[in-house]
Structure formats: structure tokens, C-alpha cells
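K.L.:
This is data_35.txt (compact mmCIF, C-alpha atoms).
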```
# COMPACT_ATOMS: atom_id res chain seq x y z
CA MET A 1 7.88 31.77 -14.64
CA GLU A 2 9.56 29.03 -16.65
CA HIS A 3 9.17 25.25 -16.71
CA CYS A 4 12.66 25.07 -15.20
CA GLU A 5 10.93 25.66 -11.86
CA LEU A 6 9.68 22.08 -12.23
CA THR A 7 13.24 20.82 -12.23
CA ARG A 8 14.08 23.02 -9.25
CA ARG A 9 11.03 21.63 -7.41
CA LEU A 10 12.23 18.08 -8.04
CA SER A 11 15.78 18.82 -6.97
CA GLY A 12 14.55 20.57 -3.83
CA ASP A 13 16.02 23.92 -4.79
CA LEU A 14 12.92 26.07 -4.34
CA THR A 15 13.13 28.31 -1.28
CA ALA A 16 10.05 28.75 0.90
CA ILE A 17 9.32 32.10 -0.75
CA GLU A 18 9.86 30.72 -4.26
CA LYS A 19 7.56 27.83 -3.42
CA ILE A 20 4.77 30.22 -2.45
CA GLU A 21 5.39 32.28 -5.58
CA TYR A 22 5.25 29.12 -7.64
CA GLN A 23 1.94 28.10 -6.03
CA HIS A 24 0.47 31.52 -6.80
CA HIS A 25 1.71 31.32 -10.36
CA LEU A 26 0.30 27.81 -10.81
CA ALA A 27 -3.11 29.00 -9.72
CA ILE A 28 -3.31 31.32 -12.72
CA CYS A 29 -1.20 29.54 -15.34
CA PRO A 30 -2.86 26.60 -17.14
CA ALA A 31 0.34 25.88 -19.09
CA CYS A 32 2.36 25.38 -15.90
CA GLN A 33 -0.46 23.29 -14.41
CA ASP A 34 -0.28 21.06 -17.48
CA ALA A 35 3.51 20.87 -17.20
CA LEU A 36 3.37 19.96 -13.51
CA ARG A 37 0.65 17.38 -14.13
CA GLU A 38 2.72 15.77 -16.84
CA GLN A 39 5.86 15.74 -14.74
CA VAL A 40 4.12 14.23 -11.71
CA ALA A 41 2.64 11.54 -13.98
CA MET A 42 6.08 10.88 -15.45
CA GLU A 43 7.58 10.58 -11.94
CA ASP A 44 4.83 8.13 -10.97
CA ALA A 45 5.38 6.09 -14.14
CA LEU A 46 9.11 5.78 -13.46
CA VAL A 47 8.53 4.67 -9.85
CA PHE A 48 5.90 2.17 -11.00
CA LEU A 49 8.21 0.73 -13.66
CA GLU A 50 11.26 0.46 -11.42
CA ALA A 51 9.27 -0.70 -8.34
CA PRO A 52 12.10 -0.27 -5.84
CA MET A 53 10.13 -1.27 -2.73
CA LYS A 54 8.63 -4.49 -1.44
CA PRO A 55 5.29 -4.46 0.40
CA PRO A 56 5.13 -5.96 3.91
CA ARG A 57 4.52 -9.69 3.82
CA ALA A 58 1.17 -9.36 5.54
CA THR A 59 -0.24 -7.30 2.64
CA TRP A 60 -1.20 -10.31 0.55
CA LYS A 61 -2.81 -12.02 3.57
CA ALA A 62 -4.97 -8.95 4.08
CA ILE A 63 -5.98 -8.85 0.40
CA ARG A 64 -6.75 -12.57 0.50
CA ASN A 65 -8.98 -12.06 3.52
CA ARG A 66 -10.82 -9.24 1.76
CA ILE A 67 -11.59 -11.19 -1.39
CA SER A 68 -12.71 -14.40 0.30
CA PRO A 69 -14.00 -13.84 3.80
CA GLN A 70 -16.20 -16.94 3.50
CA ARG A 71 -14.57 -18.87 6.29
CA PRO A 72 -15.11 -16.26 9.02
CA ARG A 73 -18.56 -15.52 7.60
CA TYR A 74 -19.50 -19.19 7.71
CA ARG A 75 -18.21 -19.35 11.24
CA VAL A 76 -20.35 -16.36 12.20
CA ILE A 77 -23.38 -17.96 10.56
CA SER A 78 -22.63 -21.31 12.20
CA ALA A 79 -22.19 -19.63 15.55
CA ALA A 80 -25.41 -17.68 15.06
CA VAL A 81 -27.34 -20.84 14.11
CA ALA A 82 -25.86 -22.71 17.05
CA GLY A 83 -26.70 -19.79 19.31
CA LEU A 84 -30.31 -19.69 18.07
CA ALA A 85 -30.64 -23.45 18.57
CA LEU A 86 -29.29 -23.17 22.09
CA GLY A 87 -31.58 -20.22 22.71
CA ALA A 88 -34.62 -22.22 21.59
CA MET A 89 -33.60 -25.11 23.81
CA ALA A 90 -33.08 -22.79 26.75
CA LEU A 91 -36.46 -21.16 26.14
CA ALA A 92 -38.14 -24.56 26.12
CA PHE A 93 -36.27 -25.50 29.29
CA ASN A 94 -37.36 -22.27 30.96
CA VAL A 95 -41.00 -22.79 29.97
CA TYR A 96 -41.16 -26.28 31.43
CA GLN A 97 -38.74 -26.08 34.35
CA LYS A 98 -39.21 -22.44 35.40
CA PRO A 99 -35.70 -22.07 36.88
CA THR A 100 -35.18 -19.36 39.47
CA THR A 101 -32.07 -17.90 37.74
CA PRO A 102 -31.64 -17.13 33.99
CA HIS A 103 -28.97 -19.00 32.02
CA PRO A 104 -26.40 -16.81 30.20
CA ILE A 105 -26.92 -18.51 26.83
CA PHE A 106 -25.46 -15.63 24.76
CA ALA A 107 -22.51 -14.76 26.97
CA ALA A 108 -19.73 -13.31 24.79
CA ASP A 109 -17.07 -15.86 24.03
CA GLN A 110 -13.72 -14.19 24.00
CA LEU A 111 -10.07 -14.92 24.62
CA GLU A 112 -7.52 -12.54 26.08
CA ALA A 113 -3.74 -12.34 26.02
CA ARG A 114 -1.38 -10.25 28.08
CA LEU A 115 1.48 -9.24 25.79
CA THR A 116 4.80 -8.91 27.57
CA SER A 117 8.51 -8.91 26.81
CA THR A 118 11.79 -9.17 28.65
CA ASN A 119 11.79 -5.40 28.38
CA SER A 120 9.22 -4.42 31.01
CA ALA A 121 8.55 -1.13 29.22
CA VAL A 122 6.72 -3.05 26.45
CA HIS A 123 3.33 -4.37 27.49
CA GLY A 124 -0.14 -4.68 26.06
CA THR A 125 -3.34 -6.64 25.75
CA ALA A 126 -5.20 -8.55 23.06
CA VAL A 127 -8.85 -9.54 22.89
CA LEU A 128 -10.24 -12.07 20.41
CA ASN A 129 -13.99 -12.42 19.89
CA LEU A 130 -14.56 -16.10 19.14
CA VAL A 131 -17.86 -15.45 17.37
CA THR A 132 -16.73 -12.75 14.94
CA HIS A 133 -13.02 -13.69 15.02
CA HIS A 134 -12.21 -10.01 15.44
CA LEU A 135 -8.93 -9.38 17.21
CA THR A 136 -7.98 -6.12 18.89
CA VAL A 137 -4.46 -5.48 20.13
CA HIS A 138 -3.07 -2.48 22.00
CA ILE A 139 0.55 -2.27 23.04
CA ARG A 140 2.73 0.41 24.64
CA GLY A 141 6.43 1.05 24.95
CA LEU A 142 7.48 0.19 21.38
CA THR A 143 10.49 1.95 20.00
CA THR A 144 10.22 3.81 16.71
CA LEU A 145 11.53 1.83 13.75
CA PRO A 146 13.66 3.25 10.93
CA SER A 147 11.74 4.74 8.01
CA GLY A 148 10.17 2.08 5.81
CA GLN A 149 10.00 -0.58 8.53
CA VAL A 150 6.97 -1.68 10.48
CA TYR A 151 5.97 -3.95 13.37
CA GLU A 152 4.00 -7.03 12.37
CA LEU A 153 1.56 -9.18 14.36
CA TRP A 154 1.68 -12.98 14.03
CA SER A 155 -0.47 -15.80 15.35
CA VAL A 156 1.48 -18.98 16.19
CA LYS A 157 0.16 -22.36 17.26
CA GLY A 158 2.45 -25.38 17.12
CA HIS A 159 4.16 -25.27 13.76
CA HIS A 160 1.41 -23.20 12.18
CA GLU A 161 2.11 -19.49 11.99
CA GLN A 162 0.19 -16.75 10.24
CA ALA A 163 0.95 -13.09 9.65
CA LEU A 164 -2.08 -11.10 10.77
CA GLY A 165 -0.91 -7.71 9.58
CA PRO A 166 1.14 -4.62 10.44
CA LEU A 167 0.60 -2.64 13.61
CA HIS A 168 -0.26 1.02 13.31
CA LEU A 169 2.39 2.77 15.37
CA LYS A 170 1.94 6.24 16.84
CA THR A 171 4.76 7.53 19.05
CA ASN A 172 5.41 4.50 21.25
CA GLN A 173 1.92 2.98 21.09
CA ALA A 174 0.62 0.57 18.49
CA SER A 175 -2.64 -1.11 17.69
CA PHE A 176 -4.17 -3.77 15.47
CA SER A 177 -7.81 -4.37 14.66
CA GLY A 178 -8.94 -7.04 12.24
CA LEU A 179 -9.97 -10.60 11.57
CA ALA A 180 -7.69 -13.31 12.91
CA GLU A 181 -7.62 -17.06 12.64
CA ALA A 182 -6.54 -17.85 16.19
CA GLY A 183 -7.90 -19.76 19.12
CA SER A 184 -7.26 -20.83 22.66
CA GLY A 185 -3.57 -21.57 23.09
CA SER A 186 -2.49 -19.50 20.10
CA THR A 187 0.46 -17.26 20.81
CA LEU A 188 0.42 -13.72 19.50
CA VAL A 189 3.86 -12.46 18.53
CA ILE A 190 4.96 -8.93 17.63
CA CYS A 191 8.22 -8.44 15.79
CA PRO A 192 9.68 -6.10 13.17
CA ALA A 193 8.30 -7.09 9.75
CA GLU A 194 11.69 -7.78 8.28
CA ALA A 195 12.58 -10.12 11.16
CA GLY A 196 10.16 -12.87 10.17
CA TRP A 197 8.94 -15.89 12.06
CA THR A 198 9.31 -19.42 10.76
CA ALA A 199 8.54 -22.73 12.39
CA SER A 200 8.46 -21.25 15.87
CA THR A 201 11.95 -19.83 15.47
CA THR A 202 12.42 -16.10 15.25
CA LEU A 203 14.80 -14.75 12.69
CA GLY A 204 14.87 -11.46 14.55
CA ASP A 205 13.92 -10.04 17.91
CA VAL A 206 10.48 -10.77 19.27
CA VAL A 207 9.28 -7.50 20.72
CA ALA A 208 6.41 -8.96 22.72
CA LYS A 209 4.24 -12.05 22.90
CA GLY A 210 1.46 -13.68 24.89
CA SER A 211 -0.94 -16.63 24.75
CA LEU A 212 -4.68 -16.36 24.19
CA THR A 213 -6.66 -17.85 27.06
CA PRO A 214 -10.35 -17.68 28.07
CA SER A 215 -11.12 -14.44 29.84
CA MET B 1 11.23 -12.51 -19.94
CA LYS B 2 8.66 -9.89 -20.91
CA GLN B 3 6.73 -12.44 -22.97
CA ARG B 4 6.74 -14.84 -20.02
CA GLU B 5 5.41 -12.13 -17.73
CA ASP B 6 2.74 -11.29 -20.25
CA ARG B 7 1.64 -14.93 -20.28
CA ARG B 8 1.50 -14.94 -16.49
CA THR B 9 -0.54 -11.75 -16.53
CA ILE B 10 -2.99 -13.26 -18.99
CA ALA B 11 -3.22 -16.44 -16.91
CA GLY B 12 -3.83 -14.38 -13.76
CA ILE B 13 -6.56 -12.35 -15.42
CA GLN B 14 -8.25 -15.48 -16.75
CA ALA B 15 -8.13 -17.11 -13.31
CA ILE B 16 -9.72 -14.03 -11.73
CA ARG B 17 -12.47 -14.15 -14.33
CA ASP B 18 -13.08 -17.71 -13.13
CA ARG B 19 -13.18 -16.24 -9.57
CA ASN B 20 -10.03 -18.11 -8.59
CA PRO B 21 -8.04 -16.15 -5.94
CA ASP B 22 -4.80 -17.71 -7.23
CA GLY B 23 -5.16 -15.43 -10.25
CA LEU B 24 -5.03 -12.36 -8.05
CA LYS B 25 -1.99 -13.77 -6.25
CA THR B 26 -0.27 -14.13 -9.62
CA LEU B 27 -0.96 -10.48 -10.48
CA TYR B 28 0.06 -9.41 -6.96
CA ASP B 29 3.38 -11.24 -7.32
CA LEU B 30 3.95 -9.50 -10.66
CA TYR B 31 2.79 -5.98 -9.79
CA GLY B 32 2.47 -5.71 -5.99
CA HIS B 33 5.92 -4.11 -5.74
CA ALA B 34 5.00 -1.52 -8.36
CA VAL B 35 1.73 -0.51 -6.71
CA TYR B 36 3.27 -0.38 -3.23
CA SER B 37 6.31 1.60 -4.46
CA LEU B 38 4.11 4.19 -6.16
CA ALA B 39 1.89 4.58 -3.08
CA PHE B 40 4.86 4.86 -0.72
CA SER B 41 6.65 7.37 -2.95
CA ARG B 42 3.75 9.81 -2.50
CA LEU B 43 2.41 8.91 0.95
CA HIS B 44 5.71 8.25 2.78
CA ASP B 45 3.90 5.93 5.20
CA VAL B 46 4.15 2.14 5.29
CA GLY B 47 0.64 1.62 6.69
CA LEU B 48 -1.05 3.95 4.21
CA ALA B 49 0.91 2.51 1.28
CA GLU B 50 -0.14 -0.97 2.35
CA GLU B 51 -3.79 0.09 2.58
CA VAL B 52 -3.63 1.58 -0.92
CA THR B 53 -2.06 -1.63 -2.22
CA GLN B 54 -4.87 -3.65 -0.65
CA ASP B 55 -7.50 -1.32 -2.12
CA VAL B 56 -5.96 -1.48 -5.60
CA PHE B 57 -5.84 -5.27 -5.75
CA PHE B 58 -9.35 -5.48 -4.29
CA LYS B 59 -10.47 -3.25 -7.18
CA VAL B 60 -8.57 -5.47 -9.60
CA TRP B 61 -10.43 -8.50 -8.22
CA LYS B 62 -13.75 -6.77 -8.82
CA ALA B 63 -12.97 -4.95 -12.07
CA VAL B 64 -10.79 -7.35 -14.07
CA PRO B 65 -13.79 -9.14 -15.58
CA ARG B 66 -14.65 -5.81 -17.25
CA TRP B 67 -11.08 -4.98 -18.30
CA ASP B 68 -10.80 -4.47 -22.07
CA SER B 69 -7.43 -5.44 -23.54
CA THR B 70 -8.08 -3.39 -26.66
CA LYS B 71 -7.91 -0.18 -24.61
CA GLY B 72 -4.32 -0.69 -23.41
CA SER B 73 -2.06 -3.01 -21.48
CA PHE B 74 -3.05 -4.43 -18.11
CA ARG B 75 0.03 -2.79 -16.58
CA SER B 76 -1.04 0.67 -17.74
CA TRP B 77 -4.60 0.05 -16.56
CA LEU B 78 -3.29 -1.00 -13.15
CA PHE B 79 -1.02 2.07 -13.05
CA THR B 80 -4.01 4.34 -13.58
CA ILE B 81 -5.96 2.61 -10.79
CA ALA B 82 -2.95 2.81 -8.47
CA ARG B 83 -2.44 6.53 -9.15
CA HIS B 84 -6.06 7.36 -8.44
CA ALA B 85 -6.08 5.27 -5.26
CA THR B 86 -2.88 6.94 -4.08
CA TYR B 87 -4.08 10.49 -4.75
CA ASP B 88 -7.51 9.77 -3.26
CA ARG B 89 -5.69 8.75 -0.06
CA MET B 90 -3.48 11.84 -0.21
CA ARG B 91 -6.49 14.12 -0.43
CA ALA B 92 -7.82 12.54 2.76
CA MET B 93 -4.59 13.26 4.63
CA PRO B 94 -5.05 15.87 7.35
CA THR B 95 -1.79 17.70 6.74
CA GLY B 96 -3.14 19.71 3.82
CA GLU B 97 0.26 19.34 2.23
CA TRP B 98 0.02 17.91 -1.26
CA LEU B 99 3.20 17.38 -3.23
CA GLY B 100 4.34 20.53 -1.48
CA LEU B 101 1.93 22.37 -3.74
CA GLU B 102 -1.40 22.94 -2.09
CA GLY B 103 -4.38 23.47 -4.31
CA MET B 104 -2.91 21.55 -7.23
CA ASP B 105 -4.59 18.25 -6.49
CA ASP B 106 -7.68 18.77 -8.58
CA ALA B 107 -5.68 20.19 -11.46
CA LEU B 108 -3.65 16.99 -11.67
CA PHE B 109 -6.65 14.90 -12.68
CA ARG B 110 -9.04 17.49 -14.00
CA LYS B 111 -8.06 17.19 -17.63
CA ASP B 112 -7.61 14.08 -19.70
CA ASP B 113 -5.24 15.45 -22.29
CA ALA B 114 -3.30 13.45 -24.84
CA ALA B 115 0.03 14.07 -23.11
CA LEU B 116 -1.20 12.41 -19.95
CA GLU B 117 -2.46 9.43 -21.95
CA THR B 118 1.02 9.09 -23.40
CA ILE B 119 2.59 9.09 -19.94
CA THR B 120 0.18 6.59 -18.48
CA ASP B 121 1.03 4.21 -21.32
CA LEU B 122 3.89 2.52 -19.48
CA ASP B 123 5.22 0.64 -22.48
CA HIS B 124 5.64 3.99 -24.16
CA VAL B 125 7.37 5.54 -21.12
CA GLU B 126 9.81 2.62 -21.05
CA SER B 127 10.71 3.21 -24.68
CA LEU B 128 11.05 6.96 -24.06
CA MET B 129 13.45 6.31 -21.19
CA ARG B 130 15.63 4.20 -23.46
CA THR B 131 16.06 7.18 -25.77
CA LEU B 132 17.82 9.12 -22.99
CA PRO B 133 21.61 8.95 -22.56
CA SER B 134 22.53 6.55 -19.76
CA ASP B 135 23.91 9.32 -17.50
CA GLN B 136 20.55 11.13 -17.67
CA GLN B 137 18.66 7.87 -17.05
CA ASN B 138 20.79 7.23 -13.96
CA VAL B 139 20.15 10.70 -12.49
CA LEU B 140 16.43 10.41 -13.16
CA LYS B 141 16.25 7.01 -11.46
CA MET B 142 18.33 8.06 -8.46
CA ILE B 143 16.35 11.23 -7.77
CA VAL B 144 12.83 10.30 -8.88
CA VAL B 145 12.72 6.56 -8.17
CA GLU B 146 15.13 6.13 -5.28
CA GLY B 147 14.42 9.52 -3.73
CA HIS B 148 18.04 10.64 -3.36
CA SER B 149 18.81 14.33 -3.02
CA VAL B 150 20.89 16.14 -5.61
CA ARG B 151 23.80 16.18 -3.15
CA GLU B 152 23.58 12.42 -2.48
CA THR B 153 23.30 11.69 -6.19
CA ALA B 154 26.31 13.88 -6.97
CA SER B 155 28.31 12.20 -4.22
CA GLN B 156 27.46 8.68 -5.42
CA LEU B 157 28.17 9.47 -9.05
CA GLY B 158 31.30 11.47 -8.22
CA VAL B 159 30.20 14.53 -10.18
CA PRO B 160 29.43 18.14 -9.14
CA GLN B 161 25.89 18.94 -8.02
CA GLY B 162 25.53 21.30 -10.97
CA THR B 163 26.14 18.40 -13.33
CA VAL B 164 23.40 16.37 -11.64
CA LYS B 165 20.95 19.28 -11.95
CA SER B 166 21.93 19.78 -15.56
CA ARG B 167 21.37 16.09 -16.41
CA LEU B 168 18.05 16.14 -14.58
CA ARG B 169 16.90 19.22 -16.47
CA LEU B 170 18.02 17.80 -19.82
CA ALA B 171 16.28 14.49 -19.17
CA LEU B 172 13.01 16.12 -18.15
CA ASN B 173 13.12 18.57 -21.05
CA ARG B 174 13.79 15.74 -23.48
CA LEU B 175 10.87 13.69 -22.15
CA ARG B 176 8.59 16.74 -22.13
CA ILE B 177 9.45 17.65 -25.72
CA VAL B 178 8.88 14.12 -26.99
CA VAL B 179 5.59 13.79 -25.13
CA ASN B 180 4.31 17.14 -26.41
CA GLN B 181 5.44 16.42 -29.97
CA GLU B 182 3.48 13.18 -29.87
CA GLU B 183 0.52 14.98 -28.34
CA HIS B 184 0.43 17.44 -31.23
CA SER B 185 1.14 14.88 -33.95
CA GLY B 186 -1.41 12.46 -32.47
CA THR B 187 1.17 9.67 -32.27
CA LEU B 188 0.52 7.22 -29.49
```
Would you mind writing the structure in this file as C-alpha cells?

P.N.:
Amino acid sequence: MEHCELTRRLSGDLTAIEKIEYQHHLAICPACQDALREQVAMEDALVFLEAPMKPPRATWKAIRNRISPQRPRYRVISAAVAGLALGAMALAFNVYQKPTTPHPIFAADQLEARLTSTNSAVHGTAVLNLVTHHLTVHIRGLTTLPSGQVYELWSVKGHHEQALGPLHLKTNQASFSGLAEAGSGSTLVICPAEAGWTASTTLGDVVAKGSLTPS
Amino acid sequence: MKQREDRRTIAGIQAIRDRNPDGLKTLYDLYGHAVYSLAFSRLHDVGLAEEVTQDVFFKVWKAVPRWDSTKGSFRSWLFTIARHATYDRMRAMPTGEWLGLEGMDDALFRKDDAALETITDLDHVESLMRTLPSDQQNVLKMIVVEGHSVRETASQLGVPQGTVKSRLRLALNRLRIVVNQEEHSGTL
């Protein structure tokens, strides 16, 4: 077995049988393992140096959220403190007034959106927890995009728009789960990542959208 | 241009050491394409490649304060992190298919030999590439970097497929010989 098999692997010339033979040979040949390891590293280095692809625009937003999640955390803490204060007040009220029905002090605050499009086949829902700012989106009926493209979720309110991240697409269903800076009246928009969304004007087709309202 | 980028890299690293997120944005603008391209070239999935890119820059945010410039360039250090993050994600993939060569994953990182150190030194790889004839460089870039098949490459270059394979083989052999010579002579 010669190192030329490495070149044939790269050029896609190995038949299924040759591939299996090569795997068996690799398992017992340290020299060919070294050669393959070096070639794979060289391939990676060339790709890294040339960098032919551009990450989706939402990637930086996601990194930014990971390195400084203070704002949502402060909001959670603030909400928790406010909730405890309200709870203490309610407890005091209960002790002195003895109401006949309990007050739902810790009722979950959440917003919902029904995501629709002119194409009735595309529809979905979104739920935003106002305490944790966690947004969950499920949508059906999306068409598969060409390789390398992805659907992206945006939050739009007035002239403020924010990319929330890519949707994970499986067959014709997609989902999103993550932190989102959105509130009542915010519009959630789904569009292909390369389409973009600026100043409330789409540069490409909006696949679906819907406004967050109290549930 | 390279000197300017180096200054931006240094400024980005310094800002991260001061815990300023703008420093990470600077490094992301400089190297985000490279990390994402590497991840996508192996994972073939936009979502997974994006997750790897996020993980890599999150590690950069945490680890840059400990980065030692005397042990190599920032770019090479980042390349090593990106490779490990990419292959860690590949191992977790349910398909069991790994570079089309199952069972080779551990072997790829098991040994830290001198040849691999040479290859992960990106400045050195760049200089090695410049030693190749331009027709071999083009074939290597089209097949390895852009992912074209031999047939597509031959069609675009207007040469027979055999010529493309020959240039590819010559280029890889040339790189392999140089790397191994340096490994044995201890030149890095």
C-alpha cells in the first residue's frame, strides 16, 4: 500500500472495496497513519488560510451573548427580587385580610406569537418567557435551502432589529431555542440568512412572521 | 497588510485581557471566516459549523489571557483550537462516518510528532505553498479548499483529469517531502 492512496482518497478515486482495504491497512500501518494525519492537517491548514466561507451573521451575536450574559442575568435577578417583594407583600396581605381566594403572584409571564405567511403551508408558534427571556420557536412547512444556506430568526420592533440566530432545519420543520431581547409588540421574522433585514425593509423574501402578544 | 493585521490581532488580544468584548469582536472579524470555513469543510453542516465557531471564540475569550506569544503565532494557536473543536464535534456525530475512514479519529491526534507541529505552524505552511508551482497551487486550492471534484477542476482549468491528478499528487508529495525533511533535520 503506497502513500499514493492518499492522493486517490482526496481525488475521490477509491472504490468502495479499495476504501475498505485502505481502512484495514491503516489499522496496522503506523507509517500510513502518520501520512494520513499529516495530509489531513495540511488540508485543514490550507482551508484555514484561504477561509473561503463566511459565517452566518447571527454567529457573532450568539458569541456576544455567551461572553456577556449580564443583561439577561440582571433581568432574571431583578425579576426574582421583584417577585420575592411581591410575594412578601402578598403574604402580609393574606395574613391580615384572609382573602377567600389565593392571588396568583408567581403566574408565568409569557408572550406568544403565531407565525404565518402568505403561503399557508408555513405556520408555527413562538413563546417568550419574560422572566428568563428564553424564546422557543417551532415552525413547519419550510422548504429546504441550497447547501450552505440557512434560515435566520430576527426580532424587529420599530426601527430596531436584531438577529437572534439560525433555525435548525430538519426536513420541513425548524426550531429555535435561546435567549432573545424581545417584548410585547416585537415582530419575529424568519427569512433566509442571506436575505437580510434592514430598517424594517426586507432585502429578500420573508418566509414567516408574527407579533408577540400576551398569552 | 500583514503587519496591520498583526497589530489588530495584538490590540484584540490586549482588549480581551482587559475583559473588553470589543477585543473578541476584532479577532472574530479577522479569523471568524477561517474558523467557520475549517469547521464547515469537515462537518458539512451550517448549524454545526456555527456552533463550533461559537465554541472556539468562547474558548479564545477564556484562554487568551494565558496565551503565550513565545510558543507560536496567535493564528496557529487558534488553528489548533479550531481543529480540536471541529474533530470533537465530528466524534459526537451519530453517523459513525469520519473522513470516510472509520477508526482513524484517535490516530489523528494521538501523536504529537514534529511533522504535525510543522503543519500547524500556519506561517510555515504559507511559505511552503509559495514554493509550489502556480499550477499545483491552483489544483490544491480548488480541490482541498473549494471542494471541487477532479472532473470540475479539470473542466474549469481546461486540462485533462489525469493532469489534475498528476498536479495534485506532485503538490502533496512535494509538501510531504519538505515537511518530513524538516522533521528529520529539526528545522522549524

K.L.:
To one decimal in Å, tell me the separation between CA of Ala45 in chain A and CA of Leu122 in chain B.

P.N.:
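For CA of Ala45 in chain A relative to CA of Leu122 in chain B, the distance reads 6.6 Å.
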
K.L.:
Measuring between all atoms listed in the file, which one of A:Trp60, A:Phe48, A:Tyr22, A:Phe176 shows the shortest distance to Glu146 in chain B?

P.N.:
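Using all atoms listed in the file, the shortest distance to Glu146 in chain B belongs to A:Phe48.
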
K.L.:
Taking (0.8, -17.7, -14.7) in the file's coordinates as the center, which residues reach within 10 Å of it, counting only C-alpha atoms, put as a count of residues only?

P.N.:
18

K.L.:
Could you work out how far CA of Ile143 in chain B lies from CA of Phe79 in chain B, giving the answer in Å with one decimal?

P.N.:
20.3 Å

K.L.:
Return as a PyMOL selection string the residues belonging to chain B that are within 8 Å of chain A, counting only C-alpha atoms.

P.N.:
chain B and resi 21+25+28+32-38+41+45-47+50+53-54+57-58+61+79+83+101-104+107-109+115-116+119-120+122+125-126+141+143-146+149-150+165+168-169+172+176

K.L.:
Quick check, in Å to one decimal: how far apart do CA of Ala193 in chain A and CA of Tyr151 in chain A lie?

P.N.:
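About the pair CA of Ala193 in chain A and CA of Tyr151 in chain A: they are 5.3 Å apart.
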
K.L.:
Counting only C-alpha atoms, find residues at most 12 Å from (-7.5, -19.0, 18.2) (file frame) and give them as a ChimeraX atom specification.

P.N.:
/A:109-113,126-135,154-158,160-162,179-188,211-214
